[in-house]
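Peer 1: Contents of final.pdb (PDB, C-alpha atoms) are given next:
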MODEL        1
ATOM      1  CA  MET D   1       0.000   0.000   0.000  1.00  0.00           C
ATOM      2  CA  GLY D   2       1.457   3.355  -1.069  1.00  0.00           C
ATOM      3  CA  THR D   3       1.560   6.597   0.806  1.00  0.00           C
ATOM      4  CA  ALA D   4      -0.850   9.489   0.267  1.00  0.00           C
ATOM      5  CA  LEU D   5       1.914  11.340  -1.598  1.00  0.00           C
ATOM      6  CA  GLU D   6       2.408   8.378  -3.928  1.00  0.00           C
ATOM      7  CA  ALA D   7      -1.342   8.237  -4.619  1.00  0.00           C
ATOM      8  CA  GLU D   8      -1.400  11.960  -5.379  1.00  0.00           C
ATOM      9  CA  ALA D   9       1.612  11.607  -7.689  1.00  0.00           C
ATOM     10  CA  LYS D  10      -0.130   8.739  -9.510  1.00  0.00           C
ATOM     11  CA  ALA D  11      -3.342  10.792  -9.884  1.00  0.00           C
ATOM     12  CA  GLU D  12      -1.347  13.732 -11.239  1.00  0.00           C
ATOM     13  CA  ARG D  13       0.519  11.500 -13.699  1.00  0.00           C
ATOM     14  CA  VAL D  14      -2.643   9.958 -15.174  1.00  0.00           C
ATOM     15  CA  VAL D  15      -4.179  13.415 -15.718  1.00  0.00           C
ATOM     16  CA  ARG D  16      -1.003  14.826 -17.282  1.00  0.00           C
ATOM     17  CA  ASP D  17      -0.685  11.768 -19.534  1.00  0.00           C
ATOM     18  CA  LEU D  18      -4.339  12.079 -20.607  1.00  0.00           C
ATOM     19  CA  CYS D  19      -3.857  15.745 -21.479  1.00  0.00           C
ATOM     20  CA  ASP D  20      -0.709  14.932 -23.473  1.00  0.00           C
ATOM     21  CA  ALA D  21      -2.550  12.157 -25.341  1.00  0.00           C
ATOM     22  CA  PHE D  22      -5.009  14.673 -26.828  1.00  0.00           C
ATOM     23  CA  ALA D  23      -2.267  15.732 -29.276  1.00  0.00           C
ATOM     24  CA  LYS D  24      -2.678  12.311 -30.979  1.00  0.00           C
ATOM     25  CA  HIS D  25      -6.185  13.397 -32.105  1.00  0.00           C
ATOM     26  CA  ASP D  26      -7.428   9.830 -31.574  1.00  0.00           C
ATOM     27  CA  ALA D  27     -10.296   9.354 -29.125  1.00  0.00           C
ATOM     28  CA  GLU D  28      -9.661   5.617 -28.807  1.00  0.00           C
ATOM     29  CA  ALA D  29      -6.132   6.359 -27.556  1.00  0.00           C
ATOM     30  CA  LEU D  30      -7.797   7.949 -24.514  1.00  0.00           C
ATOM     31  CA  ARG D  31      -9.788   4.835 -23.519  1.00  0.00           C
ATOM     32  CA  PRO D  32      -7.055   3.390 -21.225  1.00  0.00           C
ATOM     33  CA  PHE D  33      -7.212   6.500 -19.031  1.00  0.00           C
ATOM     34  CA  PHE D  34     -10.877   6.042 -18.013  1.00  0.00           C
ATOM     35  CA  THR D  35     -12.838   3.702 -15.773  1.00  0.00           C
ATOM     36  CA  ASP D  36     -15.758   1.926 -17.437  1.00  0.00           C
ATOM     37  CA  ASP D  37     -18.200   4.073 -15.442  1.00  0.00           C
ATOM     38  CA  VAL D  38     -16.484   7.435 -16.058  1.00  0.00           C
ATOM     39  CA  VAL D  39     -18.626  10.565 -16.097  1.00  0.00           C
ATOM     40  CA  TYR D  40     -17.248  13.255 -18.426  1.00  0.00           C
ATOM     41  CA  HIS D  41     -19.077  16.537 -18.015  1.00  0.00           C
ATOM     42  CA  ASN D  42     -18.419  19.702 -19.943  1.00  0.00           C
ATOM     43  CA  ILE D  43     -20.529  21.759 -17.580  1.00  0.00           C
ATOM     44  CA  PRO D  44     -22.382  23.807 -20.218  1.00  0.00           C
ATOM     45  CA  MET D  45     -23.584  20.507 -21.779  1.00  0.00           C
ATOM     46  CA  GLU D  46     -25.106  17.221 -20.683  1.00  0.00           C
ATOM     47  CA  PRO D  47     -22.657  14.713 -19.141  1.00  0.00           C
ATOM     48  CA  ALA D  48     -21.336  11.714 -21.032  1.00  0.00           C
ATOM     49  CA  VAL D  49     -21.845   8.707 -18.742  1.00  0.00           C
ATOM     50  CA  GLY D  50     -19.779   5.577 -19.272  1.00  0.00           C
ATOM     51  CA  ILE D  51     -16.574   5.008 -21.174  1.00  0.00           C
ATOM     52  CA  ASP D  52     -18.207   4.536 -24.589  1.00  0.00           C
ATOM     53  CA  ALA D  53     -20.179   7.783 -24.244  1.00  0.00           C
ATOM     54  CA  ALA D  54     -17.072   9.665 -23.096  1.00  0.00           C
ATOM     55  CA  ILE D  55     -14.996   8.379 -26.024  1.00  0.00           C
ATOM     56  CA  ALA D  56     -17.806   9.225 -28.456  1.00  0.00           C
ATOM     57  CA  PHE D  57     -18.036  12.739 -27.007  1.00  0.00           C
ATOM     58  CA  VAL D  58     -14.296  13.336 -27.423  1.00  0.00           C
ATOM     59  CA  ASP D  59     -14.461  11.843 -30.920  1.00  0.00           C
ATOM     60  CA  GLY D  60     -17.144  14.434 -31.728  1.00  0.00           C
ATOM     61  CA  PHE D  61     -14.801  17.218 -30.613  1.00  0.00           C
ATOM     62  CA  PHE D  62     -12.020  15.753 -32.746  1.00  0.00           C
ATOM     63  CA  ALA D  63     -14.352  15.571 -35.762  1.00  0.00           C
ATOM     64  CA  MET D  64     -14.985  19.324 -35.465  1.00  0.00           C
ATOM     65  CA  CYS D  65     -11.321  20.322 -35.473  1.00  0.00           C
ATOM     66  CA  ASP D  66      -8.049  19.511 -37.199  1.00  0.00           C
ATOM     67  CA  SER D  67      -6.121  19.371 -33.941  1.00  0.00           C
ATOM     68  CA  MET D  68      -6.457  19.967 -30.237  1.00  0.00           C
ATOM     69  CA  VAL D  69      -3.579  20.601 -27.863  1.00  0.00           C
ATOM     70  CA  ILE D  70      -3.872  20.947 -24.093  1.00  0.00           C
ATOM     71  CA  GLU D  71      -1.522  23.228 -22.182  1.00  0.00           C
ATOM     72  CA  THR D  72      -1.699  22.877 -18.411  1.00  0.00           C
ATOM     73  CA  LEU D  73      -0.968  26.208 -16.739  1.00  0.00           C
ATOM     74  CA  HIS D  74      -1.551  25.146 -13.134  1.00  0.00           C
ATOM     75  CA  LEU D  75      -2.310  21.852 -11.462  1.00  0.00           C
ATOM     76  CA  ALA D  76      -3.215  21.009  -7.865  1.00  0.00           C
ATOM     77  CA  VAL D  77      -3.730  17.587  -6.325  1.00  0.00           C
ATOM     78  CA  ARG D  78      -5.478  16.620  -3.104  1.00  0.00           C
ATOM     79  CA  ASP D  79      -6.081  12.957  -2.393  1.00  0.00           C
ATOM     80  CA  ASN D  80      -7.607  11.540  -5.606  1.00  0.00           C
ATOM     81  CA  VAL D  81      -8.726  14.896  -7.061  1.00  0.00           C
ATOM     82  CA  VAL D  82      -6.669  16.781  -9.639  1.00  0.00           C
ATOM     83  CA  LEU D  83      -7.581  20.382 -10.510  1.00  0.00           C
ATOM     84  CA  THR D  84      -6.229  21.957 -13.679  1.00  0.00           C
ATOM     85  CA  GLU D  85      -6.171  25.415 -15.180  1.00  0.00           C
ATOM     86  CA  ARG D  86      -5.620  24.854 -18.886  1.00  0.00           C
ATOM     87  CA  ILE D  87      -5.645  26.336 -22.324  1.00  0.00           C
ATOM     88  CA  ASP D  88      -7.160  23.857 -24.779  1.00  0.00           C
ATOM     89  CA  THR D  89      -6.293  25.071 -28.272  1.00  0.00           C
ATOM     90  CA  PHE D  90      -8.451  23.909 -31.161  1.00  0.00           C
ATOM     91  CA  ARG D  91      -7.369  24.390 -34.779  1.00  0.00           C
ATOM     92  CA  VAL D  92      -9.944  24.333 -37.556  1.00  0.00           C
ATOM     93  CA  GLY D  93      -8.346  25.227 -40.879  1.00  0.00           C
ATOM     94  CA  ASP D  94      -6.843  28.682 -40.417  1.00  0.00           C
ATOM     95  CA  ILE D  95      -8.758  29.314 -37.198  1.00  0.00           C
ATOM     96  CA  VAL D  96      -6.823  28.826 -33.966  1.00  0.00           C
ATOM     97  CA  ALA D  97      -9.138  28.895 -30.953  1.00  0.00           C
ATOM     98  CA  PRO D  98      -7.508  28.846 -27.503  1.00  0.00           C
ATOM     99  CA  LEU D  99     -10.027  28.120 -24.754  1.00  0.00           C
ATOM    100  CA  HIS D 100      -9.114  28.998 -21.172  1.00  0.00           C
ATOM    101  CA  LEU D 101     -10.795  26.594 -18.737  1.00  0.00           C
ATOM    102  CA  MET D 102     -10.711  24.835 -15.402  1.00  0.00           C
ATOM    103  CA  GLY D 103     -10.969  21.079 -15.043  1.00  0.00           C
ATOM    104  CA  ALA D 104     -11.567  18.725 -12.132  1.00  0.00           C
ATOM    105  CA  PHE D 105     -10.577  15.069 -12.376  1.00  0.00           C
ATOM    106  CA  GLU D 106     -11.297  12.290  -9.900  1.00  0.00           C
ATOM    107  CA  VAL D 107      -9.027   9.250 -10.069  1.00  0.00           C
ATOM    108  CA  ARG D 108      -9.861   5.741  -8.853  1.00  0.00           C
ATOM    109  CA  ASP D 109      -7.467   2.797  -9.108  1.00  0.00           C
ATOM    110  CA  GLY D 110      -5.167   4.701 -11.480  1.00  0.00           C
ATOM    111  CA  LYS D 111      -7.907   5.744 -13.914  1.00  0.00           C
ATOM    112  CA  ILE D 112     -10.123   8.788 -14.296  1.00  0.00           C
ATOM    113  CA  CYS D 113     -13.636   8.096 -13.014  1.00  0.00           C
ATOM    114  CA  ALA D 114     -14.963  11.671 -13.244  1.00  0.00           C
ATOM    115  CA  TRP D 115     -13.934  14.660 -15.348  1.00  0.00           C
ATOM    116  CA  ARG D 116     -15.615  18.060 -15.229  1.00  0.00           C
ATOM    117  CA  ASP D 117     -14.535  21.009 -17.355  1.00  0.00           C
ATOM    118  CA  TYR D 118     -15.799  24.526 -16.671  1.00  0.00           C
ATOM    119  CA  PHE D 119     -15.664  27.072 -19.485  1.00  0.00           C
ATOM    120  CA  ASP D 120     -17.659  29.701 -21.352  1.00  0.00           C
ATOM    121  CA  MET D 121     -19.444  27.944 -24.225  1.00  0.00           C
ATOM    122  CA  ALA D 122     -20.108  31.285 -25.950  1.00  0.00           C
ATOM    123  CA  GLN D 123     -16.362  31.892 -26.131  1.00  0.00           C
ATOM    124  CA  ILE D 124     -15.604  28.676 -28.012  1.00  0.00           C
ATOM    125  CA  THR D 125     -18.639  29.010 -30.295  1.00  0.00           C
ATOM    126  CA  LYS D 126     -17.525  32.512 -31.225  1.00  0.00           C
ATOM    127  CA  MET D 127     -13.903  31.475 -31.798  1.00  0.00           C
ATOM    128  CA  LEU D 128     -14.722  28.414 -33.896  1.00  0.00           C
ATOM    129  CA  SER D 129     -17.120  30.438 -36.042  1.00  0.00           C
ATOM    130  CA  GLY D 130     -14.235  32.787 -36.872  1.00  0.00           C
ATOM    131  CA  GLU D 131     -15.687  35.749 -34.982  1.00  0.00           C
ATOM    132  CA  GLY D 132     -13.198  35.773 -32.132  1.00  0.00           C
TER     133      GLY D 132
ENDMDL
END
Give the structure from this file in structure tokens form.
Peer 2:
Amino acid sequence: MGTALEAEAKAERVVRDLCDAFAKHDAEALRPFFTDDVVYHNIPMEPAVGIDAAIAFVDGFFAMCDSMVIETLHLAVRDNVVLTERIDTFRVGDIVAPLHLMGAFEVRDGKICAWRDYFDMAQITKMLSGEG
């Protein structure tokens, strides 16, 4: 049995690795990071419940853009919860749309069981339409 610091380090690592994996632009490559019962909730929208729904949701994001890169500005860990301040940058053709957001991840047995992102939906809609 590991220490609390080891558990926090493991939770941080899985979240950082997930964020790095977004650069692959392959939703299926994200599957190993999630529990089967994961709840992925972009707060302005309805949650995706279960691993298949979460992967399908991410795949929908990938279908709308040519690439997506996650830059983690700040990260805090307490127990099994990882909080991130990030810039998720979407590229659609010539449009580059950086979205500033906060995310909360809950980790269970080395995998993400809950993921909530908080952002302004109007901001991303405006950017991806070429208005921002």
Peer 1: Quick one: of D:Asp37, D:Glu106, D:Asp26, D:Asp17, who's nearest to D:Ile70, counting only C-alpha atoms?
Peer 2: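 Smallest separation from D:Ile70 among the options: D:Asp17.
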Peer 1: Could you tell me, as a PyMOL selection string, exactly which residues end up selected when the PyMOL selection byres ((chain D and resi 20-24) around 9) is applied to this structure?
Peer 2: chain D and resi 15-19+25-27+29-30+67-71
Peer 1: Quick one: of D:Leu83, D:Ala63, D:Ala114, D:Met121, who's nearest to D:Leu99, counting only C-alpha atoms?
Peer 2: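 Smallest distance to D:Leu99 is found for D:Met121.
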Peer 1: In the coordinates of the file, take the point (-8.2, 17.7, -2.4) and a cut-off of 12 Å; then, counting only C-alpha atoms, name each qualifying protein, DNA or RNA residue as number ranges by chain.
Peer 2: D: 4-5, 7-8, 11-12, 75-83, 104-107
Peer 1: Kindly export the residues of the current selection with C-alpha atoms, as a compact mmCIF listing (two decimals), in the coordinates of the input.
Peer 2:
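Okay, result_32.txt is ready:
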# COMPACT_ATOMS: atom_id res chain seq x y z
CA ALA D 4 -0.85 9.49 0.27
CA LEU D 5 1.91 11.34 -1.60
CA ALA D 7 -1.34 8.24 -4.62
CA GLU D 8 -1.40 11.96 -5.38
CA ALA D 11 -3.34 10.79 -9.88
CA GLU D 12 -1.35 13.73 -11.24
CA LEU D 75 -2.31 21.85 -11.46
CA ALA D 76 -3.22 21.01 -7.86
CA VAL D 77 -3.73 17.59 -6.32
CA ARG D 78 -5.48 16.62 -3.10
CA ASP D 79 -6.08 12.96 -2.39
CA ASN D 80 -7.61 11.54 -5.61
CA VAL D 81 -8.73 14.90 -7.06
CA VAL D 82 -6.67 16.78 -9.64
CA LEU D 83 -7.58 20.38 -10.51
CA ALA D 104 -11.57 18.73 -12.13
CA PHE D 105 -10.58 15.07 -12.38
CA GLU D 106 -11.30 12.29 -9.90
CA VAL D 107 -9.03 9.25 -10.07
Peer 1: I need the residue nearest D:Arg31 from this list: D:Lys111, D:Arg116, D:Leu73, D:Ile87. Use only C-alpha atoms for the distance.
Peer 2: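 The closest residue to D:Arg31 is D:Lys111.
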Peer 1: I would like the residues chosen by the PyMOL selection byres ((chain D and resi 100) around 9) on the shown file; could you give them as a list in words?
Peer 2: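 Written out, the selection comes to Glu85, Arg86, Ile87, Asp88, Thr89, Pro98, Leu99, Leu101, Met102, Phe119 and Asp120 of chain D.
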